[in-house]
Amino acid sequence: PIPVILDCDPGHDDAFNIMLAAAHPAIHLLAITTVAGNATVRKTTLNARRVCTVAGIEGVPIAAGRARPLHGAGIVAGNIHGDSGLDGPGFGEPTVPLDPRDAITLIRETLLAHPEPVTLVPTGPLSNIAAFLLAHPSLAAERVERIVLMGGSTGRGNRHPAAEFNILADPEAADIVFSSGLDVTMIGLNVSHQVPATADVLARLEALGTPLSRLCTDLLTYFGTTYREVFGFEAPPLHDPLTVAHLIDPDLITLVHAPVAIELTGTHTRGATVVDLDGVTGRPANARVGTAVNAPAFWDLIIDAVRTLG
Ligand code: BDR
Ligand code: CA
């Protein structure tokens, strides 16, 4: 199995990514680190523990990371994920513990302890990952296999017309990741908008008939309501699990090598991912960029994960 560290801000779609990574035999989930994004880091950390508790995911250390971006004040996405960051279902008190280490220490110690290079999977703002790369550049070069992230877009944004939320929330961190020289894969809105959680998906989840499947439909129902209100979408895109789905099945998402630049100073475009798909800049490719996805195969993975976790 592929050894993975998830760095996330749960978050409705992050929650499904945690479940997919824990459930699928092709993935060895070594650790979960949390970051401020969809809600404060206190809330996203609590949410990671809640998700692991309800899904029966035990023995995976969860450590809290940065409360703020590298520069400036943070933004949250309460309009999409609710005040808790995971509004919709009721959660009891989590029984899965919080690891006493901070996220950067947990990433470092996990990389040192694992015999093979590890894949980092960030699905929130890139603040933790950039802080780790700044603090431990040679360890990262030696022990990070790949970075497979959800963020950005080859087209328009969501939180801003030109910027996707995860990149907009910490553009300097994104710039560090994309300039790192590591093997970076970007799966952005142009792909995730191809996997809306339709009524058919909800019906398939509901048909599983377990407490976890009911919680999952509650999550997607809430997510669907805010996506309808804020964006007028018929169904909410399940962005984050495309990362782990890509690792499980490399044929699921079509990738192209391309130069990606992060806009740091634009008057109206800070946080934009400028993806040169046509090679007009002459810049060298620094990322693999998702362009298309086999949506039915993706949903099969999600449904199977919820079934496996019971
Ligand atoms: C990204 O922003 C967050 O709201 C989601 O969890 C996802 O990671 C989509 O723009
Ligand atoms: Ca997220």
# chains A, B, ... in the order shown; residues from 1 in each chain; ligands from 1

call {"tool": "residues_near_ligand", "arguments": {"ligand": "ligand 2", "cutoff": "8 Å", "atoms": "only C-alpha atoms and all ligand atoms", "output": "list in words"}}
result
Cys8, Asp9, Pro10, Gly11, His12, Asp13, Asp14, Gly37, Asn38, Thr123, Gly124, Pro125, Met150, Asn166, His239 and Asp240 of chain A

call {"tool": "write_last_selection", "arguments": {"atoms": "C-alpha atoms", "output": "PDB file, in the first residue's frame"}}
result
ATOM      1  CA  CYS A   8      -6.727  18.538   5.999  1.00  0.00           C
ATOM      2  CA  ASP A   9      -9.338  20.999   7.266  1.00  0.00           C
ATOM      3  CA  PRO A  10     -12.506  18.913   7.713  1.00  0.00           C
ATOM      4  CA  GLY A  11     -14.725  20.026   6.079  1.00  0.00           C
ATOM      5  CA  HIS A  12     -17.424  17.832   4.512  1.00  0.00           C
ATOM      6  CA  ASP A  13     -15.338  16.676   1.567  1.00  0.00           C
ATOM      7  CA  ASP A  14     -12.193  16.283   3.704  1.00  0.00           C
ATOM      8  CA  GLY A  37      -9.255  26.506   6.593  1.00  0.00           C
ATOM      9  CA  ASN A  38     -12.898  25.580   6.416  1.00  0.00           C
ATOM     10  CA  THR A 123      -6.734  19.071   1.110  1.00  0.00           C
ATOM     11  CA  GLY A 124      -6.780  22.397   2.923  1.00  0.00           C
ATOM     12  CA  PRO A 125      -4.706  25.581   2.793  1.00  0.00           C
ATOM     13  CA  MET A 150      -6.671  19.488  -3.867  1.00  0.00           C
ATOM     14  CA  ASN A 166      -7.384  26.456  -0.446  1.00  0.00           C
ATOM     15  CA  HIS A 239     -13.474  17.959  -4.141  1.00  0.00           C
ATOM     16  CA  ASP A 240     -11.003  16.470  -1.678  1.00  0.00           C
TER      17      ASP A 240
END

call {"tool": "residues_around", "arguments": {"residues": "Val244 of chain A", "least_positions_apart": "5", "cutoff": "12 Å", "atoms": "only C-alpha atoms", "output": "PyMOL selection string"}}
result
chain A and resi 2-7+13-14+16-29+119-123+147-150+185+187+239+249-250+252-253+298+301-302+305

call {"tool": "closest_residue", "arguments": {"among": "A:Pro97, A:Gly152, A:Gly271, A:Gly290", "to": "ligand 1", "atoms": "only C-alpha atoms and all ligand atoms"}}
result
A:Gly152

call {"tool": "select_by_dssp", "arguments": {"residues": "segment 8-145 of chain A", "states": "helix (DSSP H, G or I)", "output": "PyMOL selection string"}}
result
chain A and resi 12-23+41-55+78-81+103-113+127-135+137-143

call {"tool": "write_last_selection", "arguments": {"atoms": "C-alpha atoms", "output": "short mmCIF file (atom, residue, chain, number, x, y, z; two decimals), in the first residue's frame"}}
result
data_model
loop_
_atom_site.label_atom_id
_atom_site.label_comp_id
_atom_site.auth_asym_id
_atom_site.auth_seq_id
_atom_site.Cartn_x
_atom_site.Cartn_y
_atom_site.Cartn_z
CA HIS A 12 -17.42 17.83 4.51
CA ASP A 13 -15.34 16.68 1.57
CA ASP A 14 -12.19 16.28 3.70
CA ALA A 15 -14.23 13.92 5.90
CA PHE A 16 -14.88 11.64 2.92
CA ASN A 17 -11.19 11.70 2.02
CA ILE A 18 -10.26 10.52 5.52
CA MET A 19 -12.76 7.66 5.18
CA LEU A 20 -11.53 6.70 1.71
CA ALA A 21 -7.87 6.67 2.82
CA ALA A 22 -8.65 4.59 5.91
CA ALA A 23 -10.91 2.13 4.12
CA VAL A 41 -7.81 24.79 13.47
CA ARG A 42 -9.42 24.03 16.83
CA LYS A 43 -12.63 23.10 15.01
CA THR A 44 -11.02 21.24 12.09
CA THR A 45 -8.98 19.19 14.59
CA LEU A 46 -12.09 18.32 16.58
CA ASN A 47 -13.77 17.39 13.30
CA ALA A 48 -10.95 15.06 12.26
CA ARG A 49 -11.32 13.27 15.63
CA ARG A 50 -15.12 13.17 15.17
CA VAL A 51 -14.84 11.62 11.71
CA CYS A 52 -12.34 9.00 12.87
CA THR A 53 -14.54 8.18 15.87
CA VAL A 54 -17.75 7.67 13.88
CA ALA A 55 -15.94 5.75 11.14
CA GLY A 78 -18.43 28.99 7.26
CA ASN A 79 -20.78 29.84 4.40
CA ILE A 80 -20.08 26.41 2.87
CA HIS A 81 -19.26 24.12 5.81
CA ALA A 103 1.55 18.84 12.87
CA ILE A 104 5.07 19.66 11.67
CA THR A 105 6.64 17.37 14.29
CA LEU A 106 4.22 14.57 13.44
CA ILE A 107 5.00 14.87 9.72
CA ARG A 108 8.74 14.90 10.43
CA GLU A 109 8.67 11.92 12.80
CA THR A 110 6.37 9.93 10.52
CA LEU A 111 8.71 10.45 7.55
CA LEU A 112 11.72 9.44 9.64
CA ALA A 113 10.00 6.35 11.03
CA SER A 127 0.21 26.38 5.52
CA ASN A 128 1.40 23.21 7.32
CA ILE A 129 3.04 21.73 4.25
CA ALA A 130 4.91 24.95 3.43
CA ALA A 131 6.01 25.36 7.05
CA PHE A 132 7.29 21.78 6.98
CA LEU A 133 9.17 22.33 3.69
CA LEU A 134 10.76 25.51 5.08
CA ALA A 135 11.80 23.81 8.32
CA PRO A 137 13.94 20.91 3.18
CA SER A 138 16.41 18.03 2.94
CA LEU A 139 14.16 15.61 4.81
CA ALA A 140 11.37 16.56 2.40
CA ALA A 141 13.60 16.01 -0.63
CA GLU A 142 14.65 12.59 0.65
CA ARG A 143 11.49 11.23 2.25
#

call {"tool": "closest_residue", "arguments": {"among": "A:Pro61, A:Gly88, A:Pro241, A:Pro171", "to": "ligand 1", "atoms": "only C-alpha atoms and all ligand atoms"}}
result
A:Pro241

call {"tool": "closest_residue", "arguments": {"among": "A:Phe178, A:Phe91, A:Phe223, A:Phe233", "to": "ligand 1", "atoms": "only C-alpha atoms and all ligand atoms"}}
result
A:Phe223

call {"tool": "closest_residue", "arguments": {"among": "A:Thr34, A:Pro236, A:Leu168, A:Ala39", "to": "Ala197 of chain A", "atoms": "only C-alpha atoms"}}
result
A:Pro236

call {"tool": "closest_residue", "arguments": {"among": "A:Pro117, A:Thr95, A:Gly266, A:Glu58", "to": "Ala31 of chain A", "atoms": "only C-alpha atoms"}}
result
A:Glu58

call {"tool": "atom_distance", "arguments": {"atom1": "atom CA of Glu93 of chain A", "atom2": "atom CA of Ala36 of chain A"}}
result
20.8 Å

call {"tool": "closest_residue", "arguments": {"among": "A:Phe231, A:Tyr222, A:Phe165, A:Trp299", "to": "ligand 1", "atoms": "only C-alpha atoms and all ligand atoms"}}
result
A:Phe165

call {"tool": "select_by_dssp", "arguments": {"residues": "segment 25-117 of chain A", "states": "strand (DSSP E)", "output": "number ranges by chain"}}
result
A: 27-34, 62-64

call {"tool": "residues_around", "arguments": {"residues": "Val274 of chain A", "least_positions_apart": "2", "cutoff": "8 Å", "atoms": "only C-alpha atoms", "output": "list in words"}}
result
Thr154, Val260, Ala261, Ile262, Glu263, Ala272 and Asp276 of chain A

call {"tool": "write_last_selection", "arguments": {"atoms": "C-alpha atoms", "output": "PDB file, in the first residue's frame"}}
result
ATOM      1  CA  THR A 154      -7.192  25.599 -14.517  1.00  0.00           C
ATOM      2  CA  VAL A 260       1.732  26.432 -12.540  1.00  0.00           C
ATOM      3  CA  ALA A 261       2.370  29.866 -11.023  1.00  0.00           C
ATOM      4  CA  ILE A 262       0.627  31.202  -7.932  1.00  0.00           C
ATOM      5  CA  GLU A 263      -0.534  34.814  -8.213  1.00  0.00           C
ATOM      6  CA  ALA A 272      -5.068  32.376  -8.635  1.00  0.00           C
ATOM      7  CA  ASP A 276      -0.057  27.239 -18.666  1.00  0.00           C
TER       8      ASP A 276
END

call {"tool": "atom_distance", "arguments": {"atom1": "atom CA of Asn190 of chain A", "atom2": "atom CA of Ala287 of chain A"}}
result
15.4 Å

call {"tool": "atom_distance", "arguments": {"atom1": "atom CA of Glu145 of chain A", "atom2": "atom CA of Ala63 of chain A"}}
result
21.0 Å
